[in-house]
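Down below is the structure, laid out as C-alpha cells.
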Amino acid sequence: MKVLIVGSGGREHAIAYSVAKSDKVDKIYCAPGNAGIAELAECTPIGAMEFDKIVAFAKEKEIDLVIVGMDDPLVGGLVDELEAAGIRAFGPRKNAAILEGSKAFSKDLMKKYNIPTAGYENFEDPDEALAYLKTAKFPIVLKADGLALGKGVLICGTYEEAEAGVKTIMVDKQFGTSGNTMVVEEFMTGREVSVLSFVDGNTVKTMTSAQDHKRAGDGDTGLNTGGMGTFSPSPFYTKEVEEFCGKYIYQATVDAMKAEGRPFKGIIFFGLMLTEEGPKVLEYNARFGDPEAQVVLPRMKNDIVEVMEACVDGTLDKIDLQFEDNAAVCVVLASDGYPVKYDKGLPVTGLEEFRKHDGYYCFHAGTKFDGEQIVTNGGRVLGVTAKGRDLKEARANAYAATEWVKFDNKYMRHDIGKAIDEA
Ligand code: AMP
Ligand code: GLY
C-alpha cells in the first residue's frame, strides 16, 4: 500500500512510525511533514489546508489510504473531499468532526443523550453571557466554541475575570469566528485522563490511557500549551473507571453521533475528568492527541493500518486491540519562550543516539532541514519518549534520554509524570 499522512507534528511522526512498521505498507508520503518524518516518509511541501493540492497529489501517487492527523483539515472537510475524489481516507467527515469543531454542539449532544459532563450554557450574545455570569458560581470556565489551538479555554476565578474573558472571546474575537458562540461551563476538579479510541461508525475500541501536562511550567504553572509531556497508562484509570466510561460515555457517544445522522469514523479522543461524582467528559477531539500519540502508539501491538482500514470499512468489531504490558513517558523539548515567543532555526544535535537504543524514540514536532543540518522550526521541537517496565522506569529513561539532545534555548518541564508518585 501507499499511505499519505497529513500533518507536521510529533503526533504525525508517531503515526508515521507505526505505519512504517506495517507489513502492508511499502511507501509513505507526508504533507507537509518535518525533518524526523522525512526519515520514514517522502515529504511534500503541501500544507494541511491545501485540500485541492492534497487530493491531486493523492490521485497522482495512487495513494491507497490518506491518514489525516490534524484537527483543522478534519473540521474543514478534507476527508469529504478525498472521498468525493474516490480516495480512501481515515478520519471523520466534516459533519462528524464537529464533535471537536464545536464545543456548543458537543455539549448539546452530551445533554441530549445523558452523557456525563459539566453543566453549561451556550451564548451567542455577550450581554446575555454577562447577565448569566452575574449570578454564577465561581470559578467558572469560558470556552470559545470553535478551534483555538488549545487556547480557547479560560478559567475565571471572579466575575471581573469572566467579564474580561467574554471580551477576549466574544467582543475582541481573539480566536476569530471560533468565539461567535461561547460555552460557559461549570468548573470541575479531579484528575484528567486522555482516552483515545478507534471508531468505525458503530463500534468503538479504546486504546490504553494517557495523561497530558498542558501548562508550560513545572507544578502546572504558566500558560496553557499544546502539551508538554505525557505518560501512559494512567494509574488513575482503574478498571472501575473504565467500566463506567464504557457503559455511559464511549459507546453512548458513538451511538449518539449515529442517531444524529453524523456517523463517526476515525479517532475519538475522550478528554475525561475523574470527579468525585464519577468520570465526566471535559472535551472531545476528533484525532489522536499530541503528545498522547507519542506514548500510546509505541505501546500498540496491532498493525495500525489494519486497524485504520477496519475503521473505514466498518469491521472494527473483528479487531482485537492489544497493548504492551509496560509504560511509556514522553517529555517535550521546547524552545524557551514557548508558547509565546521563541527563536527558530537553532541547530539540533545528538539525535543519532536514539537509533542505538531500543525502546527510545525522538518524535519530531517543530524541526526542518537547513541543508544537511536539522534545526528547530517551532515552539515544541521534539518529543523524547522512552518505554520502561513500569511508569517510574519509563520516566527515568525518558529524562535520561533528554540529555542526549542538544540545542540552544532547550526547555522542558522537569515534573512530567509526577502524578505517578501519588498513585
Ligand atoms: P480543553 O481545550 O477543553 O481540553 O480545555 C483545556 C483544559 O482546561 C483542560 O485540559 C482542563 O485542564 C481545563 N478545563 C476545561 N474545562 C474545564 C472544566 N469544566 N473544569 C475544569 N477545568 C477545565
Ligand atoms: N494533548 C492534547 C491534545 O492533543 O489536544
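So you can find residues: chains in the C-alpha cells are A, B, ... in the order shown, residues in each start at 1, and ligands are numbered from 1 in order.
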Exercise for review: Within 7 Å of region 218-233 of chain A, counting only C-alpha atoms, which residues show up once you throw out same-chain ones fewer than 6 positions away? Write them as number ranges by chain, please.
Suggested key: A: 150-151, 208-212, 290-292, 295-296, 327-332, 339, 413-417
Would you output that residue set with N, CA and C atoms, as a CSV table (one decimal), in the first residue's frame?
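Written output follows (result.csv):
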chain,number,residue,atom,x,y,z
A,150,GLY,N,-6.0,25.0,21.2
A,150,GLY,CA,-5.9,24.7,22.6
A,150,GLY,C,-5.9,25.8,23.6
A,151,LYS,N,-6.1,27.1,23.0
A,151,LYS,CA,-6.0,28.3,23.9
A,151,LYS,C,-7.4,28.9,24.2
A,208,THR,N,-5.0,2.2,25.2
A,208,THR,CA,-4.5,2.4,26.6
A,208,THR,C,-4.6,3.9,27.0
A,209,SER,N,-4.7,4.2,28.2
A,209,SER,CA,-5.0,5.5,28.7
A,209,SER,C,-3.6,6.3,28.7
A,210,ALA,N,-3.8,7.7,28.9
A,210,ALA,CA,-2.6,8.5,29.0
A,210,ALA,C,-3.0,9.8,29.8
A,211,GLN,N,-2.0,10.5,30.2
A,211,GLN,CA,-2.2,11.8,30.8
A,211,GLN,C,-1.2,12.8,30.2
A,212,ASP,N,-1.8,14.0,29.9
A,212,ASP,CA,-1.0,15.1,29.4
A,212,ASP,C,-0.7,16.1,30.5
A,290,ASP,N,-1.7,15.0,20.9
A,290,ASP,CA,-0.3,15.4,20.7
A,290,ASP,C,0.1,16.1,21.9
A,291,PRO,N,0.9,15.5,22.8
A,291,PRO,CA,1.7,14.3,22.7
A,291,PRO,C,1.2,13.0,23.3
A,292,GLU,N,-0.2,12.7,23.2
A,292,GLU,CA,-0.7,11.4,23.7
A,292,GLU,C,-0.3,10.3,22.7
A,295,VAL,N,3.0,8.4,23.3
A,295,VAL,CA,3.2,7.3,24.4
A,295,VAL,C,2.2,6.2,24.1
A,296,VAL,N,1.1,6.4,23.4
A,296,VAL,CA,0.1,5.3,23.2
A,296,VAL,C,0.6,4.4,22.0
A,327,ALA,N,5.0,0.6,30.1
A,327,ALA,CA,4.7,2.0,30.3
A,327,ALA,C,5.5,2.9,29.4
A,328,ALA,N,5.1,4.1,29.1
A,328,ALA,CA,5.9,5.0,28.3
A,328,ALA,C,5.7,6.4,28.8
A,329,VAL,N,6.8,7.2,28.7
A,329,VAL,CA,6.7,8.6,29.1
A,329,VAL,C,7.3,9.4,28.0
A,330,CYS,N,6.7,10.6,27.7
A,330,CYS,CA,7.2,11.5,26.7
A,330,CYS,C,7.4,12.8,27.3
A,331,VAL,N,8.6,13.4,27.1
A,331,VAL,CA,9.0,14.7,27.6
A,331,VAL,C,9.2,15.6,26.4
A,332,VAL,N,8.4,16.7,26.3
A,332,VAL,CA,8.6,17.6,25.2
A,332,VAL,C,9.7,18.5,25.4
A,339,PRO,N,4.8,29.1,25.0
A,339,PRO,CA,4.0,29.2,23.8
A,339,PRO,C,3.9,30.6,23.3
A,413,ARG,N,9.8,20.7,30.9
A,413,ARG,CA,9.3,20.5,32.3
A,413,ARG,C,10.1,19.4,32.9
A,414,HIS,N,10.3,19.6,34.2
A,414,HIS,CA,11.1,18.5,35.0
A,414,HIS,C,10.2,17.6,35.8
A,415,ASP,N,8.9,17.8,35.7
A,415,ASP,CA,7.9,17.1,36.6
A,415,ASP,C,6.9,16.3,35.8
A,416,ILE,N,7.3,15.9,34.5
A,416,ILE,CA,6.3,15.1,33.8
A,416,ILE,C,6.2,13.8,34.5
A,417,GLY,N,5.0,13.4,34.7
A,417,GLY,CA,4.7,12.1,35.4
A,417,GLY,C,4.9,12.2,36.9
**Study point:** Who sits within 6 Å of region 182-198 of chain A, only C-alpha atoms, same chain under 6 positions skipped, as JSON, numbers by chain
**Key:** {"A": [118, 119, 120, 121, 122, 123, 140, 141, 142, 143, 144, 145, 204, 205, 206, 207, 209, 210, 211, 266, 267, 268, 269, 270, 271, 272, 273, 274, 275]}
Could you write out the selected residues, including N, CA, C and O atoms, as a JSON list (two decimals), in the first residue's frame?
[["chain", "number", "residue", "atom", "x", "y", "z"],
["A", 118, "ALA", "N", -19.83, 18.42, 32.50],
["A", 118, "ALA", "CA", -20.11, 19.56, 33.38],
["A", 118, "ALA", "C", -21.35, 20.32, 32.89],
["A", 118, "ALA", "O", -21.60, 20.39, 31.69],
["A", 119, "GLY", "N", -22.11, 20.91, 33.84],
["A", 119, "GLY", "CA", -23.24, 21.76, 33.48],
["A", 119, "GLY", "C", -22.77, 22.96, 32.67],
["A", 119, "GLY", "O", -21.61, 23.37, 32.80],
["A", 120, "TYR", "N", -23.63, 23.53, 31.82],
["A", 120, "TYR", "CA", -23.17, 24.59, 30.91],
["A", 120, "TYR", "C", -24.34, 25.37, 30.35],
["A", 120, "TYR", "O", -25.51, 24.96, 30.45],
["A", 121, "GLU", "N", -24.03, 26.51, 29.72],
["A", 121, "GLU", "CA", -24.97, 27.26, 28.89],
["A", 121, "GLU", "C", -24.20, 27.75, 27.67],
["A", 121, "GLU", "O", -23.02, 28.12, 27.80],
["A", 122, "ASN", "N", -24.84, 27.81, 26.53],
["A", 122, "ASN", "CA", -24.21, 28.38, 25.32],
["A", 122, "ASN", "C", -24.72, 29.80, 25.11],
["A", 122, "ASN", "O", -25.91, 30.06, 25.31],
["A", 123, "PHE", "N", -23.84, 30.69, 24.65],
["A", 123, "PHE", "CA", -24.24, 32.08, 24.39],
["A", 123, "PHE", "C", -23.73, 32.56, 23.04],
["A", 123, "PHE", "O", -22.60, 32.26, 22.66],
["A", 140, "ILE", "N", -15.42, 29.61, 37.21],
["A", 140, "ILE", "CA", -16.25, 29.16, 36.10],
["A", 140, "ILE", "C", -15.37, 29.11, 34.85],
["A", 140, "ILE", "O", -14.31, 29.75, 34.81],
["A", 141, "VAL", "N", -15.81, 28.35, 33.85],
["A", 141, "VAL", "CA", -14.97, 28.12, 32.67],
["A", 141, "VAL", "C", -15.65, 28.70, 31.43],
["A", 141, "VAL", "O", -16.82, 28.44, 31.18],
["A", 142, "LEU", "N", -14.89, 29.50, 30.67],
["A", 142, "LEU", "CA", -15.40, 30.05, 29.40],
["A", 142, "LEU", "C", -14.67, 29.37, 28.26],
["A", 142, "LEU", "O", -13.45, 29.23, 28.29],
["A", 143, "LYS", "N", -15.43, 28.93, 27.25],
["A", 143, "LYS", "CA", -14.80, 28.23, 26.13],
["A", 143, "LYS", "C", -15.28, 28.81, 24.80],
["A", 143, "LYS", "O", -16.48, 28.84, 24.54],
["A", 144, "ALA", "N", -14.32, 29.23, 23.98],
["A", 144, "ALA", "CA", -14.67, 29.60, 22.61],
["A", 144, "ALA", "C", -15.20, 28.33, 21.94],
["A", 144, "ALA", "O", -14.65, 27.24, 22.13],
["A", 145, "ASP", "N", -16.28, 28.47, 21.18],
["A", 145, "ASP", "CA", -16.94, 27.30, 20.59],
["A", 145, "ASP", "C", -16.03, 26.51, 19.64],
["A", 145, "ASP", "O", -15.99, 25.29, 19.68],
["A", 204, "VAL", "N", -16.70, 1.01, 18.93],
["A", 204, "VAL", "CA", -15.61, 1.82, 19.48],
["A", 204, "VAL", "C", -14.67, 0.90, 20.25],
["A", 204, "VAL", "O", -15.12, 0.04, 21.00],
["A", 205, "LYS", "N", -13.37, 1.04, 20.00],
["A", 205, "LYS", "CA", -12.35, 0.27, 20.74],
["A", 205, "LYS", "C", -11.36, 1.25, 21.33],
["A", 205, "LYS", "O", -10.66, 1.97, 20.60],
["A", 206, "THR", "N", -11.30, 1.29, 22.65],
["A", 206, "THR", "CA", -10.42, 2.26, 23.29],
["A", 206, "THR", "C", -8.99, 1.74, 23.36],
["A", 206, "THR", "O", -8.75, 0.54, 23.48],
["A", 207, "MET", "N", -8.07, 2.69, 23.31],
["A", 207, "MET", "CA", -6.65, 2.37, 23.45],
["A", 207, "MET", "C", -6.27, 2.51, 24.92],
["A", 207, "MET", "O", -7.08, 2.89, 25.75],
["A", 209, "SER", "N", -4.75, 4.17, 28.23],
["A", 209, "SER", "CA", -4.96, 5.55, 28.68],
["A", 209, "SER", "C", -3.64, 6.34, 28.73],
["A", 209, "SER", "O", -2.56, 5.76, 28.67],
["A", 210, "ALA", "N", -3.78, 7.67, 28.86],
["A", 210, "ALA", "CA", -2.60, 8.53, 28.96],
["A", 210, "ALA", "C", -2.97, 9.78, 29.76],
["A", 210, "ALA", "O", -4.16, 10.04, 30.01],
["A", 211, "GLN", "N", -1.96, 10.51, 30.17],
["A", 211, "GLN", "CA", -2.21, 11.81, 30.79],
["A", 211, "GLN", "C", -1.24, 12.84, 30.24],
["A", 211, "GLN", "O", -0.05, 12.57, 30.12],
["A", 266, "GLY", "N", -13.03, 7.11, 12.67],
["A", 266, "GLY", "CA", -11.70, 7.72, 12.89],
["A", 266, "GLY", "C", -11.32, 7.57, 14.36],
["A", 266, "GLY", "O", -11.57, 6.52, 14.96],
["A", 267, "ILE", "N", -10.72, 8.63, 14.89],
["A", 267, "ILE", "CA", -10.30, 8.62, 16.30],
["A", 267, "ILE", "C", -11.22, 9.54, 17.09],
["A", 267, "ILE", "O", -11.38, 10.71, 16.74],
["A", 268, "ILE", "N", -11.81, 9.02, 18.16],
["A", 268, "ILE", "CA", -12.39, 9.93, 19.16],
["A", 268, "ILE", "C", -11.46, 9.91, 20.37],
["A", 268, "ILE", "O", -11.12, 8.85, 20.89],
["A", 269, "PHE", "N", -11.06, 11.10, 20.74],
["A", 269, "PHE", "CA", -10.18, 11.32, 21.90],
["A", 269, "PHE", "C", -11.12, 11.83, 23.00],
["A", 269, "PHE", "O", -11.71, 12.89, 22.86],
["A", 270, "PHE", "N", -11.30, 11.01, 24.03],
["A", 270, "PHE", "CA", -12.14, 11.40, 25.15],
["A", 270, "PHE", "C", -11.25, 12.06, 26.21],
["A", 270, "PHE", "O", -10.39, 11.40, 26.80],
["A", 271, "GLY", "N", -11.43, 13.35, 26.40],
["A", 271, "GLY", "CA", -10.75, 14.06, 27.48],
["A", 271, "GLY", "C", -11.65, 13.96, 28.70],
["A", 271, "GLY", "O", -12.75, 14.50, 28.72],
["A", 272, "LEU", "N", -11.20, 13.22, 29.72],
["A", 272, "LEU", "CA", -12.06, 12.93, 30.87],
["A", 272, "LEU", "C", -11.54, 13.62, 32.12],
["A", 272, "LEU", "O", -10.34, 13.81, 32.28],
["A", 273, "MET", "N", -12.47, 13.98, 32.99],
["A", 273, "MET", "CA", -12.11, 14.44, 34.33],
["A", 273, "MET", "C", -12.70, 13.43, 35.31],
["A", 273, "MET", "O", -13.90, 13.15, 35.26],
["A", 274, "LEU", "N", -11.85, 12.89, 36.17],
["A", 274, "LEU", "CA", -12.33, 11.93, 37.17],
["A", 274, "LEU", "C", -12.75, 12.73, 38.41],
["A", 274, "LEU", "O", -11.92, 13.05, 39.25],
["A", 275, "THR", "N", -14.03, 13.08, 38.47],
["A", 275, "THR", "CA", -14.52, 13.91, 39.57],
["A", 275, "THR", "C", -15.03, 13.02, 40.70],
["A", 275, "THR", "O", -15.16, 11.81, 40.55]]
Point to revise | Selected residue, from A:Phe288, A:Phe354, A:Phe407, A:Tyr342, that lies nearest to ligand 2 when counting only C-alpha atoms and all ligand atoms | key: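 Of A:Phe288, A:Phe354, A:Phe407, A:Tyr342, the one nearest ligand 2, counting only C-alpha atoms and all ligand atoms, is A:Phe288.
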Might you pull out every residue within 12 Å of Asp23 (chain A), with only C-alpha atoms counted and same-chain residues fewer than 3 positions away left off, and present them as a PDB file with N, CA, C and O atoms, in the first residue's frame?
ATOM      1  N   MET A   1       0.834  -1.206   0.000  1.00  0.00           N
ATOM      2  CA  MET A   1       0.000   0.000   0.000  1.00  0.00           C
ATOM      3  C   MET A   1       0.864   1.250   0.000  1.00  0.00           C
ATOM      4  O   MET A   1       1.969   1.267   0.506  1.00  0.00           O
ATOM      5  N   LYS A   2       0.265   2.311  -0.538  1.00  0.00           N
ATOM      6  CA  LYS A   2       0.877   3.630  -0.422  1.00  0.00           C
ATOM      7  C   LYS A   2       0.001   4.474   0.503  1.00  0.00           C
ATOM      8  O   LYS A   2      -1.221   4.562   0.286  1.00  0.00           O
ATOM      9  N   SER A  18       4.436   4.172  13.368  1.00  0.00           N
ATOM     10  CA  SER A  18       3.588   2.975  13.435  1.00  0.00           C
ATOM     11  C   SER A  18       3.259   2.452  12.044  1.00  0.00           C
ATOM     12  O   SER A  18       3.266   1.245  11.808  1.00  0.00           O
ATOM     13  N   VAL A  19       2.971   3.370  11.120  1.00  0.00           N
ATOM     14  CA  VAL A  19       2.636   2.956   9.750  1.00  0.00           C
ATOM     15  C   VAL A  19       3.846   2.265   9.110  1.00  0.00           C
ATOM     16  O   VAL A  19       3.697   1.273   8.394  1.00  0.00           O
ATOM     17  N   ALA A  20       5.043   2.763   9.410  1.00  0.00           N
ATOM     18  CA  ALA A  20       6.261   2.186   8.824  1.00  0.00           C
ATOM     19  C   ALA A  20       6.473   0.749   9.275  1.00  0.00           C
ATOM     20  O   ALA A  20       7.134  -0.029   8.595  1.00  0.00           O
ATOM     21  N   ASP A  26       4.329  -0.218   1.655  1.00  0.00           N
ATOM     22  CA  ASP A  26       5.678  -0.121   1.103  1.00  0.00           C
ATOM     23  C   ASP A  26       6.114   1.308   0.786  1.00  0.00           C
ATOM     24  O   ASP A  26       7.275   1.534   0.467  1.00  0.00           O
ATOM     25  N   LYS A  27       5.187   2.267   0.888  1.00  0.00           N
ATOM     26  CA  LYS A  27       5.620   3.647   0.630  1.00  0.00           C
ATOM     27  C   LYS A  27       4.776   4.614   1.478  1.00  0.00           C
ATOM     28  O   LYS A  27       3.546   4.512   1.496  1.00  0.00           O
ATOM     29  N   ASN A 302      -0.923  -3.957  17.600  1.00  0.00           N
ATOM     30  CA  ASN A 302      -1.571  -4.194  16.305  1.00  0.00           C
ATOM     31  C   ASN A 302      -0.869  -3.463  15.165  1.00  0.00           C
ATOM     32  O   ASN A 302      -0.168  -2.479  15.385  1.00  0.00           O
ATOM     33  N   ASP A 303      -1.138  -3.933  13.969  1.00  0.00           N
ATOM     34  CA  ASP A 303      -0.752  -3.215  12.745  1.00  0.00           C
ATOM     35  C   ASP A 303      -1.728  -2.042  12.600  1.00  0.00           C
ATOM     36  O   ASP A 303      -2.934  -2.234  12.399  1.00  0.00           O
ATOM     37  N   ILE A 304      -1.229  -0.834  12.711  1.00  0.00           N
ATOM     38  CA  ILE A 304      -2.112   0.343  12.751  1.00  0.00           C
ATOM     39  C   ILE A 304      -2.912   0.495  11.451  1.00  0.00           C
ATOM     40  O   ILE A 304      -4.068   0.939  11.475  1.00  0.00           O
ATOM     41  N   VAL A 305      -2.317   0.119  10.340  1.00  0.00           N
ATOM     42  CA  VAL A 305      -3.006   0.286   9.057  1.00  0.00           C
ATOM     43  C   VAL A 305      -4.203  -0.679   8.966  1.00  0.00           C
ATOM     44  O   VAL A 305      -5.269  -0.318   8.470  1.00  0.00           O
ATOM     45  N   GLU A 306      -4.011  -1.870   9.507  1.00  0.00           N
ATOM     46  CA  GLU A 306      -5.108  -2.841   9.546  1.00  0.00           C
ATOM     47  C   GLU A 306      -6.273  -2.297  10.380  1.00  0.00           C
ATOM     48  O   GLU A 306      -7.438  -2.412   9.991  1.00  0.00           O
TER      49      GLU A 306
END
Exercise for review: Extract the full set of helix (DSSP H, G or I) residues from region 162-394 of chain A according to DSSP on the backbone, and format it as a ChimeraX atom specification.
Suggested key: /A:162-171,176-179,239-259,293-299,304-313,316-318,351-356,391-394
Give me the residues near region 163-165 of chain A as a PDB file with N, CA and C atoms, in the first residue's frame, where near means some atom within 9 Å (using only C-alpha atoms) and where sequence neighbours in that chain fewer than 3 positions away do not count.
ATOM      1  N   LEU A 130     -22.900  37.926  29.992  1.00  0.00           N
ATOM      2  CA  LEU A 130     -22.544  38.704  31.183  1.00  0.00           C
ATOM      3  C   LEU A 130     -23.661  38.668  32.219  1.00  0.00           C
ATOM      4  N   LEU A 133     -23.441  35.438  33.934  1.00  0.00           N
ATOM      5  CA  LEU A 133     -22.252  35.330  34.784  1.00  0.00           C
ATOM      6  C   LEU A 133     -22.418  36.108  36.094  1.00  0.00           C
ATOM      7  N   LEU A 142     -14.893  29.502  30.669  1.00  0.00           N
ATOM      8  CA  LEU A 142     -15.400  30.050  29.400  1.00  0.00           C
ATOM      9  C   LEU A 142     -14.671  29.365  28.258  1.00  0.00           C
ATOM     10  N   LEU A 154     -10.814  29.511  29.093  1.00  0.00           N
ATOM     11  CA  LEU A 154     -10.394  30.434  30.149  1.00  0.00           C
ATOM     12  C   LEU A 154     -11.058  30.046  31.465  1.00  0.00           C
ATOM     13  N   ILE A 155     -10.239  29.835  32.482  1.00  0.00           N
ATOM     14  CA  ILE A 155     -10.783  29.524  33.802  1.00  0.00           C
ATOM     15  C   ILE A 155     -10.780  30.820  34.610  1.00  0.00           C
ATOM     16  N   CYS A 156     -11.966  31.242  35.033  1.00  0.00           N
ATOM     17  CA  CYS A 156     -12.114  32.558  35.660  1.00  0.00           C
ATOM     18  C   CYS A 156     -12.502  32.415  37.127  1.00  0.00           C
ATOM     19  N   THR A 158     -13.158  35.063  39.222  1.00  0.00           N
ATOM     20  CA  THR A 158     -14.068  36.104  39.685  1.00  0.00           C
ATOM     21  C   THR A 158     -14.912  36.615  38.521  1.00  0.00           C
ATOM     22  N   TYR A 159     -15.949  37.405  38.862  1.00  0.00           N
ATOM     23  CA  TYR A 159     -16.779  37.994  37.806  1.00  0.00           C
ATOM     24  C   TYR A 159     -15.950  38.908  36.914  1.00  0.00           C
ATOM     25  N   GLU A 160     -15.011  39.645  37.531  1.00  0.00           N
ATOM     26  CA  GLU A 160     -14.186  40.583  36.755  1.00  0.00           C
ATOM     27  C   GLU A 160     -13.355  39.836  35.710  1.00  0.00           C
ATOM     28  N   THR A 168     -12.504  39.077  25.578  1.00  0.00           N
ATOM     29  CA  THR A 168     -11.467  38.404  24.773  1.00  0.00           C
ATOM     30  C   THR A 168     -12.091  37.505  23.711  1.00  0.00           C
ATOM     31  N   ILE A 169     -13.038  36.667  24.148  1.00  0.00           N
ATOM     32  CA  ILE A 169     -13.581  35.642  23.244  1.00  0.00           C
ATOM     33  C   ILE A 169     -14.622  36.221  22.283  1.00  0.00           C
ATOM     34  N   MET A 170     -15.612  36.953  22.837  1.00  0.00           N
ATOM     35  CA  MET A 170     -16.790  37.306  22.029  1.00  0.00           C
ATOM     36  C   MET A 170     -16.723  38.699  21.397  1.00  0.00           C
TER      37      MET A 170
END
Can you list, as a CSV table (one decimal) with all heavy atoms, in the first residue's frame, every protein, DNA or RNA residue that comes within 10 Å of Lys410 (chain A) when you count only C-alpha atoms, leaving out same-chain residues fewer than 3 positions away?
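Printed below is part.csv as written:
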chain,number,residue,atom,x,y,z
A,332,VAL,N,8.4,16.7,26.3
A,332,VAL,CA,8.6,17.6,25.2
A,332,VAL,C,9.7,18.5,25.4
A,332,VAL,O,9.9,19.1,26.5
A,332,VAL,CB,7.3,18.4,25.0
A,332,VAL,CG1,7.5,19.5,24.0
A,332,VAL,CG2,6.1,17.4,24.5
A,333,LEU,N,10.6,18.6,24.4
A,333,LEU,CA,11.7,19.6,24.4
A,333,LEU,C,11.2,20.8,23.6
A,333,LEU,O,10.9,20.6,22.4
A,333,LEU,CB,13.0,19.0,23.8
A,333,LEU,CG,13.5,17.7,24.5
A,333,LEU,CD1,14.9,17.4,23.9
A,333,LEU,CD2,13.7,17.9,26.0
A,334,ALA,N,11.0,21.9,24.2
A,334,ALA,CA,10.5,23.1,23.5
A,334,ALA,C,11.6,24.1,23.4
A,334,ALA,O,12.7,24.0,24.0
A,334,ALA,CB,9.4,23.7,24.3
A,335,SER,N,11.3,25.2,22.7
A,335,SER,CA,12.3,26.3,22.6
A,335,SER,C,11.8,27.3,23.7
A,335,SER,O,10.6,27.6,23.8
A,335,SER,CB,12.1,27.0,21.2
A,335,SER,OG,13.3,26.9,20.5
A,336,ASP,N,12.8,27.7,24.5
A,336,ASP,CA,12.4,28.6,25.6
A,336,ASP,C,11.6,29.8,25.1
A,336,ASP,O,12.0,30.4,24.2
A,336,ASP,CB,13.7,29.1,26.3
A,336,ASP,CG,13.4,29.6,27.7
A,336,ASP,OD1,12.3,29.4,28.2
A,336,ASP,OD2,14.3,30.2,28.3
A,337,GLY,N,10.5,30.1,25.8
A,337,GLY,CA,9.6,31.2,25.4
A,337,GLY,C,8.3,30.6,24.9
A,337,GLY,O,7.3,31.4,24.9
A,346,LEU,N,17.5,27.0,15.2
A,346,LEU,CA,18.7,26.6,16.0
A,346,LEU,C,19.1,25.1,15.7
A,346,LEU,O,18.2,24.3,15.7
A,346,LEU,CB,18.3,26.7,17.5
A,346,LEU,CG,17.8,28.1,17.9
A,346,LEU,CD1,17.1,28.1,19.3
A,346,LEU,CD2,18.9,29.2,17.9
A,348,VAL,N,20.1,21.3,16.0
A,348,VAL,CA,19.8,20.3,16.9
A,348,VAL,C,20.8,19.2,16.7
A,348,VAL,O,21.0,18.7,15.6
A,348,VAL,CB,18.4,19.7,16.7
A,348,VAL,CG1,18.1,18.7,17.8
A,348,VAL,CG2,17.4,20.8,16.7
A,376,THR,N,15.7,23.8,14.7
A,376,THR,CA,14.4,23.9,15.3
A,376,THR,C,13.5,24.8,14.3
A,376,THR,O,14.0,25.6,13.6
A,376,THR,CB,14.4,24.6,16.6
A,376,THR,OG1,14.9,26.0,16.4
A,376,THR,CG2,15.4,24.0,17.6
A,380,ARG,N,7.3,23.7,20.1
A,380,ARG,CA,7.5,22.3,20.6
A,380,ARG,C,8.4,21.7,19.5
A,380,ARG,O,8.1,21.6,18.4
A,380,ARG,CB,6.2,21.5,20.7
A,380,ARG,CG,5.4,22.0,21.9
A,380,ARG,CD,4.3,21.0,22.2
A,380,ARG,NE,3.2,20.9,21.2
A,380,ARG,CZ,2.2,20.1,21.3
A,380,ARG,NH1,2.0,19.3,22.3
A,380,ARG,NH2,1.3,20.1,20.3
A,381,VAL,N,9.6,21.3,19.9
A,381,VAL,CA,10.6,20.9,18.9
A,381,VAL,C,10.7,19.4,18.8
A,381,VAL,O,10.6,18.8,17.7
A,381,VAL,CB,12.1,21.4,19.3
A,381,VAL,CG1,13.1,20.9,18.3
A,381,VAL,CG2,12.0,23.0,19.4
A,382,LEU,N,10.8,18.7,19.9
A,382,LEU,CA,10.9,17.2,19.9
A,382,LEU,C,10.1,16.6,21.1
A,382,LEU,O,9.9,17.3,22.1
A,382,LEU,CB,12.4,16.8,20.1
A,382,LEU,CG,13.4,17.3,19.1
A,382,LEU,CD1,14.8,17.2,19.6
A,382,LEU,CD2,13.2,16.6,17.8
A,402,THR,N,16.6,12.8,27.4
A,402,THR,CA,16.5,14.2,27.1
A,402,THR,C,17.9,14.8,27.1
A,402,THR,O,18.2,15.8,26.4
A,402,THR,CB,15.7,15.0,28.1
A,402,THR,OG1,16.2,14.9,29.4
A,402,THR,CG2,14.2,14.5,28.1
A,405,VAL,N,20.0,15.1,23.6
A,405,VAL,CA,19.7,16.1,22.6
A,405,VAL,C,20.2,17.4,23.0
A,405,VAL,O,19.9,17.8,24.2
A,405,VAL,CB,18.2,16.1,22.4
A,405,VAL,CG1,17.9,17.1,21.2
A,405,VAL,CG2,17.6,14.7,22.1
A,406,LYS,N,20.8,18.1,22.1
A,406,LYS,CA,21.3,19.5,22.5
A,406,LYS,C,20.8,20.5,21.4
A,406,LYS,O,20.9,20.3,20.2
A,406,LYS,CB,22.8,19.5,22.5
A,406,LYS,CG,23.4,18.5,23.4
A,406,LYS,CD,24.2,19.1,24.5
A,406,LYS,CE,24.9,18.1,25.5
A,406,LYS,NZ,24.2,16.9,25.9
A,407,PHE,N,20.3,21.6,21.9
A,407,PHE,CA,20.1,22.8,21.1
A,407,PHE,C,20.0,24.0,22.0
A,407,PHE,O,19.6,23.9,23.2
A,407,PHE,CB,18.9,22.7,20.1
A,407,PHE,CG,17.5,22.4,20.8
A,407,PHE,CD1,16.7,23.5,21.1
A,407,PHE,CD2,17.0,21.2,21.0
A,407,PHE,CE1,15.5,23.3,21.7
A,407,PHE,CE2,15.8,20.9,21.6
A,407,PHE,CZ,15.0,22.0,21.9
Review point. With only C-alpha atoms and all ligand atoms as the atoms that count, which of A:Thr181, A:Ser102, A:Asn34, A:Thr253 lies nearest to ligand 1?
Key: A:Ser102
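Of the residues listed (A:Lys392, A:Lys107, A:Lys134, A:Arg262), A:Lys107 shows the shortest atom-to-atom separation from ligand 1; distances use only C-alpha atoms and all ligand atoms.
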Check your understanding: When DSSP works through the backbone of this structure, what residues of region 175-396 of chain A end up as strand (DSSP E or B), shown as a ChimeraX atom specification?
Key -> /A:182-186,191-200,204-206,210-212,215-217,221-224,229-232,265-275,278-285,300,323,327-335,347,349,360-364,367-370,373-376,380-388
Check your understanding: Can you tell me, as an NGL selection string, what residues are no more than 10 Å from region 360-362 of chain A when counting only C-alpha atoms, ignoring any on the same chain fewer than 2 positions away?
Key -> :A and (10 or 13-14 or 17 or 36 or 294-295 or 298 or 328-333 or 351-358 or 364-365 or 382-388 or 394 or 397-398 or 401-402 or 405)
Exercise for review: Show which residues sit within 9 Å of Glu42 (chain A), as a PyMOL selection string. Count only C-alpha atoms, and ignore same-chain residues fewer than 2 positions away.
Suggested key: chain A and resi 27-31+33+37-40+44
